[in-house]
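Accompanying notes for the structure given below.
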Amino acid sequence: MKKSFILFLMGIIGFLPSFGQKERKGFFKKYPFVNVTELGTLLGRSKYQIYAYYSSYYPQPMQYQAQNRVNFSLQTFNGVYLNSKTAAGLTVGIDSYGPTALMPISAGVRRNLVQKKQGGSVLLGSLDVGYATTWLNEDNTGFKTSGGLVVCPTIGYKFPMRNGSAWLLNFGYRYQRAEYAQVRNDDAIYWTESNEVRNYRRMVVRFGIEF
Amino acid sequence: MKKLLQFLAFAYIAFTNLACSDNCETTRTYRTTVPITLSIEQIRSGIGSEAPQDLKNPGKIYVKDNYIFINEIKKGIHIIDNTNPQQPQNITFLKIPGVVDMAVKENTLYADNYIDIVAFDITNPKVIKETGRVKDVFQNGLTDGLSWYYNAQNQTVTDYEVKIVTEKIRSDCGQGSNVNPIYYYANDVAFKSGAVQSVNGTNGVAAGATGTGGSMARFTLYENYLYTVSQSDLLVFNVKTLNKPTQQAKINLGWGIETIFPYKDKLFIGSNTGMYIFDNKNPEKPERLSIFQHARACDPVVVHNDIAYVTLRTGWCGTSPNQLDVVNVSNLTSPSLIKSYQMQQPAGLAIDFPNLFICESQYGLKSFDASSATNITLQQHIEKINAYDVIPLEGKHLLMVGKDGLYQYDTSNPKNLKQLSIIPVKREN
């Protein structure tokens with residue numbers, strides 16, 4: 001039920017651009033509708049302890065292992081141009097971090113920072129701040145994932161096309177918080193309960209289209 | 001302006017590159033075991049009477065006359081004066097290292113002290129004296145999923161202590177293949193044999209002389225003999241001279257022995273794969289008659305009128321369905337199953353014919369009418385309490401122990417049990 005609702009919502013969001021194109025009067029005449037859909041990767045590194053266990057009986061030195069991470073991100077921004085340079089709206093995305101799929105919903109701003117000449121490429125800044133939901137996530141038995149704050153500033157290039165649309169290439173930083181809690185099994189002698197606070201800190205590279 | 005912006009853009013990208021390391025921290029709390037080593041002197045001299053203490057981790061219970069003996073697992077025995085069941089008085093705590101079992105004959109209490117069996121004079125329960133000791137009887141034991149063993153060369157006993165550990169670990173955000181394992185130092189084969197103690201039945205012994213224990217007891221008294229079961233053996237002690245027990249016989253039974261229950265001149269020995277029946281006509285040398293095999297499970301047994309009631313449950317001992325088996329034992333050489341009844345999580349049980357009481361762990365206590373073995377019907381279900389062991393006492397009176405305390409019920413109306421009192425358990429973990 002929940003998933004079908006999300007699909008329905010995404011369908012509407014996907015449909016909005018065409019809707020916006022037609023209804024160029026009233027509100028949308030004053031504030032033109034804009035959609036930015038981007039596909040990207042989240043690049044980062046993870047450094048973690050291995051063989052970490054209760055160490056007072058057999059003391060062990062701490063050992064760390066590092067691995068590079070490449071994850072996938074998809075997002076769509078729907079908003080309006082408040083003036084010729086600044087657009088504001090809502091960003092909905094999907095970030096997949098290994099087995100965890102987060103669906104961040106953010107408030108977003110896009111602003112053209114520098115344009116050398118009319119019709120030429122634009123240096124573009126953007127900022128999304130929001131909350132990641134776990135609506136698309138499936139948990140392992142005995143575990144519960146919960147989402148958290150998302151902050152994503154980027155800077156990049158906009159290459160306008162003649163038809164009014166534009167290609168985008170954005171570079172930035174993406175911070176995302178999530179929690180992964182293990183529910184305690186009460187009946188066992190050797191029970192465990194845990195909570196992992198996940199601070200994903202990634203470089204994001206996104207390629208997309210605006211119209 | 002443009003140059004500044006470009007510089008800022010590059011600085012920004014450089015910064016994000018350096019700071020792109022996931023930071024995940026797992027805080028985990030777990031219950032584990034750590035080894036402790038005790039010397040033989042420490043074990044033998046660690047005995048003494050102390051002021052009454054709160055119940056923290058109670059094990060088996062044993063009843064003799066107006067006294068209730070509650071084992072504080074591996075720490076000692078609480079002695080409760082139950083002259084007035086509505087107001088039981090905790091009078092003494094008898095400190096005995098490694099104690100998990102006990103039995104009382106007249107004014108002598110027998111208890112285990114890791115490797116030894118010790119006899120105590122309890123004529124005055126406030127001042128208890130050690131009167132006799134059989135040394136080096138047990139080599140190892142298993143209680144509450146924790147095993148201990150005796151090292152004869154070093155004269156030490158190694159036991160394991162439960163510890164709750166909280167720690168923080170820098171973890172891999174769920175994306176690596178190896179989740180940090182928690183290592184337990186022992187007891188991978190952990191049967192929860194002690195924690196979910198047991199049951200009792202009418203012990204089939206002349207009232208007055210000896211007390212009543214649970215059906216999962218490992219100690220039992222018959223005439224002038226004390227029977228104990230270890231993990232693999234049946235040990236017989238002569239207690240004709242009450243304060244001077246002597247070892248009489250040792251019979252190997254195979255692995256996984258859990259309980260001993262005497263009925264008439266027979267001994268019912270529960271293991272986690274079946275129920276052994278021993279002929280006890282010659283109490284010095286019990287002889288094996290038969291074995292009733294069942295699925296691997298925890299299996300407290302009570303017997304009444306040639307009918308044995310066995311509860312099987314899923315747990316540390318195995319994975320059988322949760323049920324009550326009613327077994328005809330009139331022909332002891334070939335016991336036969338009469339009927340099985342579906343249960344929720346049965347632990348201890350007790351028969352006060354025609355009433356059968358079954359502890360259903362977290363599902364509470366059930367009272368059944370067992371007048372017909374083929375049609376056992378539910379009379380009352382007390383929910384919202386944790387129940388694991390019951391002992392019926394004389395005068396329509398039931399003792400029930402659960403995680404939260406020791407309850408006493410008036411069973412004069414088996415359809416409506418009345419709670420008389422509760423001794424609370426103050427758990428530390």
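We label chains A, B, ... in the order they appear in the structure tokens, count residues from 1 in each chain, and number ligands from 1 in the order shown.
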Counting only C-alpha atoms, a student should be able to say which residues of chain B come within 6 Å of chain A; what is the right answer, written as a list in words?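 Every residue meeting the condition is included here: Thr16, Cys20, Ser21, Asp22, Asn23, Cys24, Glu25, Thr26, Thr27, Arg28, Thr29, Tyr30, Arg31, Thr32, Arg170, Ser171, Asp172, Cys173, Gln175, Asn180 and Ile182 of chain B.
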Strand (DSSP E) positions in region 49-149 of chain A, given as a ChimeraX atom specification: /A:49-50,63-81,86-97,100-115,122-133,143-146,149
Between CA of Asn137 (chain A) and CA of Val36 (chain A), what is the distance in Å, rounded to a tenth?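 Computing the Euclidean distance for CA of Asn137 (chain A) and CA of Val36 (chain A) yields 24.4 Å.
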For Val80 (chain A), list every protein, DNA or RNA residue within 10 Å, evaluated using only C-alpha atoms, and leave out those in the same chain fewer than 3 positions away; present the list as a ChimeraX atom specification. /A:20,27-28,30-35,77,83,86-90,109-110
Please return as a list of chain:residue names: the residues of chain A that backbone DSSP assigns to helix (DSSP H, G or I).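 Here is the list: A:Lys2, A:Lys3, A:Ser4, A:Phe5, A:Ile6, A:Leu7, A:Phe8, A:Leu9, A:Met10, A:Gly11, A:Ile12, A:Ile13, A:Gly14, A:Phe15, A:Leu16, A:Pro17, A:Ser18, A:Phe19, A:Gly20, A:Gln21, A:Lys22, A:Phe27, A:Phe28, A:Lys29, A:Lys30.
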I need the residues from that last selection saved to file as an mmCIF file, in the first residue's frame (with N, CA and C atoms), if you can.
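Wrote it out as selection-v1.cif, contents follow:
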data_model
loop_
_atom_site.group_PDB
_atom_site.id
_atom_site.type_symbol
_atom_site.label_atom_id
_atom_site.label_comp_id
_atom_site.auth_asym_id
_atom_site.auth_seq_id
_atom_site.Cartn_x
_atom_site.Cartn_y
_atom_site.Cartn_z
ATOM 1 N N LYS A 2 1.839 1.240 0.939
ATOM 2 C CA LYS A 2 2.742 2.373 1.073
ATOM 3 C C LYS A 2 3.542 2.567 -0.219
ATOM 4 N N LYS A 3 4.025 1.448 -0.765
ATOM 5 C CA LYS A 3 4.864 1.520 -1.961
ATOM 6 C C LYS A 3 4.071 2.004 -3.161
ATOM 7 N N SER A 4 2.822 1.510 -3.270
ATOM 8 C CA SER A 4 2.023 1.919 -4.422
ATOM 9 C C SER A 4 1.701 3.407 -4.332
ATOM 10 N N PHE A 5 1.538 3.891 -3.092
ATOM 11 C CA PHE A 5 1.298 5.319 -2.905
ATOM 12 C C PHE A 5 2.509 6.129 -3.368
ATOM 13 N N ILE A 6 3.691 5.626 -3.034
ATOM 14 C CA ILE A 6 4.911 6.332 -3.444
ATOM 15 C C ILE A 6 5.024 6.361 -4.966
ATOM 16 N N LEU A 7 4.732 5.219 -5.590
ATOM 17 C CA LEU A 7 4.789 5.166 -7.049
ATOM 18 C C LEU A 7 3.801 6.158 -7.658
ATOM 19 N N PHE A 8 2.639 6.239 -7.057
ATOM 20 C CA PHE A 8 1.617 7.169 -7.516
ATOM 21 C C PHE A 8 2.115 8.615 -7.405
ATOM 22 N N LEU A 9 2.747 8.901 -6.255
ATOM 23 C CA LEU A 9 3.284 10.240 -6.021
ATOM 24 C C LEU A 9 4.370 10.568 -7.032
ATOM 25 N N MET A 10 5.219 9.586 -7.295
ATOM 26 C CA MET A 10 6.308 9.817 -8.242
ATOM 27 C C MET A 10 5.755 10.012 -9.644
ATOM 28 N N GLY A 11 4.689 9.309 -9.935
ATOM 29 C CA GLY A 11 4.029 9.468 -11.233
ATOM 30 C C GLY A 11 3.540 10.895 -11.419
ATOM 31 N N ILE A 12 2.925 11.418 -10.357
ATOM 32 C CA ILE A 12 2.418 12.791 -10.423
ATOM 33 C C ILE A 12 3.566 13.773 -10.607
ATOM 34 N N ILE A 13 4.650 13.528 -9.836
ATOM 35 C CA ILE A 13 5.794 14.430 -9.940
ATOM 36 C C ILE A 13 6.378 14.383 -11.350
ATOM 37 N N GLY A 14 6.431 13.179 -11.901
ATOM 38 C CA GLY A 14 6.948 13.030 -13.269
ATOM 39 C C GLY A 14 6.045 13.699 -14.299
ATOM 40 N N PHE A 15 4.771 13.752 -13.965
ATOM 41 C CA PHE A 15 3.797 14.294 -14.909
ATOM 42 C C PHE A 15 3.731 15.816 -14.829
ATOM 43 N N LEU A 16 4.093 16.362 -13.683
ATOM 44 C CA LEU A 16 3.988 17.800 -13.456
ATOM 45 C C LEU A 16 4.660 18.665 -14.530
ATOM 46 N N PRO A 17 5.871 18.307 -14.976
ATOM 47 C CA PRO A 17 6.525 19.162 -15.975
ATOM 48 C C PRO A 17 5.655 19.438 -17.201
ATOM 49 N N SER A 18 5.052 18.377 -17.725
ATOM 50 C CA SER A 18 4.240 18.570 -18.924
ATOM 51 C C SER A 18 3.024 19.445 -18.609
ATOM 52 N N PHE A 19 2.528 19.240 -17.397
ATOM 53 C CA PHE A 19 1.410 20.038 -16.928
ATOM 54 C C PHE A 19 1.817 21.521 -16.892
ATOM 55 N N GLY A 20 3.035 21.754 -16.350
ATOM 56 C CA GLY A 20 3.560 23.103 -16.225
ATOM 57 C C GLY A 20 3.755 23.764 -17.580
ATOM 58 N N GLN A 21 4.176 22.972 -18.544
ATOM 59 C CA GLN A 21 4.414 23.519 -19.876
ATOM 60 C C GLN A 21 3.149 24.133 -20.470
ATOM 61 N N LYS A 22 2.050 23.428 -20.237
ATOM 62 C CA LYS A 22 0.804 23.886 -20.879
ATOM 63 C C LYS A 22 0.204 25.082 -20.173
ATOM 64 N N PHE A 27 -0.184 32.065 -12.143
ATOM 65 C CA PHE A 27 0.978 31.861 -11.277
ATOM 66 C C PHE A 27 2.220 31.444 -12.064
ATOM 67 N N PHE A 28 2.024 30.464 -12.957
ATOM 68 C CA PHE A 28 3.177 29.929 -13.691
ATOM 69 C C PHE A 28 3.703 30.889 -14.748
ATOM 70 N N LYS A 29 2.890 31.919 -15.044
ATOM 71 C CA LYS A 29 3.382 32.931 -15.969
ATOM 72 C C LYS A 29 4.364 33.850 -15.251
ATOM 73 N N LYS A 30 3.970 34.163 -14.023
ATOM 74 C CA LYS A 30 4.842 35.033 -13.231
ATOM 75 C C LYS A 30 6.084 34.274 -12.750
#
One decimal, Å: what's the distance from CA of Asn78 (chain A) over to CA of Ile94 (chain A), could you say?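 A separation of 15.0 Å between them.
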Length of the CA of Lys415 (chain B) to CA of Met343 (chain B) vector [Å]: 18.8 Å
Tell me, as an MDAnalysis selection string, which residues lie within 7 Å of Ile96 (chain B), counting only C-alpha atoms; anything in the same chain fewer than 4 positions away does not count. chainID B and resid 46:47 75:76 113
For Ser330 (chain B), which of B:Ala370, B:Leu38, B:Val301, B:Ile277 is the closest residue, counting only C-alpha atoms?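 Using only C-alpha atoms, the shortest distance to Ser330 (chain B) belongs to B:Ile277.
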Show which residues sit within 8 Å of Ile269 (chain B), as a tab-separated table (two decimals) with N, CA and C atoms, in the first residue's frame. Count only C-alpha atoms, and ignore same-chain residues fewer than 2 positions away.
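part38.tsv, freshly written:
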chain	number	residue	atom	x	y	z
B	257	ILE	N	21.74	-35.57	30.47
B	257	ILE	CA	20.81	-35.88	31.56
B	257	ILE	C	20.34	-34.57	32.21
B	258	GLU	N	19.06	-34.47	32.43
B	258	GLU	CA	18.53	-33.22	32.95
B	258	GLU	C	17.89	-33.33	34.32
B	259	THR	N	17.07	-34.34	34.50
B	259	THR	CA	16.26	-34.35	35.72
B	259	THR	C	16.15	-35.76	36.29
B	260	ILE	N	15.77	-35.80	37.56
B	260	ILE	CA	15.50	-37.09	38.18
B	260	ILE	C	14.22	-36.95	38.98
B	261	PHE	N	13.34	-37.95	38.88
B	261	PHE	CA	12.05	-37.89	39.52
B	261	PHE	C	11.68	-39.28	40.03
B	267	LEU	N	12.68	-44.87	39.35
B	267	LEU	CA	13.29	-43.56	39.13
B	267	LEU	C	13.04	-43.16	37.68
B	271	SER	N	16.28	-37.08	30.08
B	271	SER	CA	17.42	-36.54	29.34
B	271	SER	C	16.82	-35.75	28.20
B	275	MET	N	13.22	-40.38	28.09
B	275	MET	CA	12.97	-40.55	29.52
B	275	MET	C	13.38	-41.97	29.89
B	276	TYR	N	14.36	-42.09	30.79
B	276	TYR	CA	14.80	-43.41	31.25
B	276	TYR	C	13.96	-43.82	32.45
B	277	ILE	N	13.65	-45.10	32.54
B	277	ILE	CA	12.98	-45.59	33.73
B	277	ILE	C	13.91	-46.62	34.40
B	278	PHE	N	14.19	-46.40	35.66
B	278	PHE	CA	15.06	-47.29	36.43
B	278	PHE	C	14.25	-47.97	37.52
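Every protein, DNA or RNA residue with an atom at most 8 Å from Asp265 (chain B), where only C-alpha atoms count and chain neighbours fewer than 2 positions away do not, is listed here: B:Pro262, B:Tyr263, B:Leu267, B:Asp279, B:Asn280, B:Lys281.
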Counting only C-alpha atoms, figure out which residue out of B:Tyr309, B:Tyr150, B:Tyr110, B:Tyr160 gets nearest to Tyr225 (chain B).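 Selected residue with least distance to Tyr225 (chain B): B:Tyr110.
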Identify, on the basis of only C-alpha atoms, every residue whose closest approach to Gln248 (chain B) does not exceed 12 Å; exclude the query and any residue fewer than 6 positions from it along the same chain; express the result as an NGL selection string. :B and (134 or 137 or 224-228 or 234-240 or 283-286)
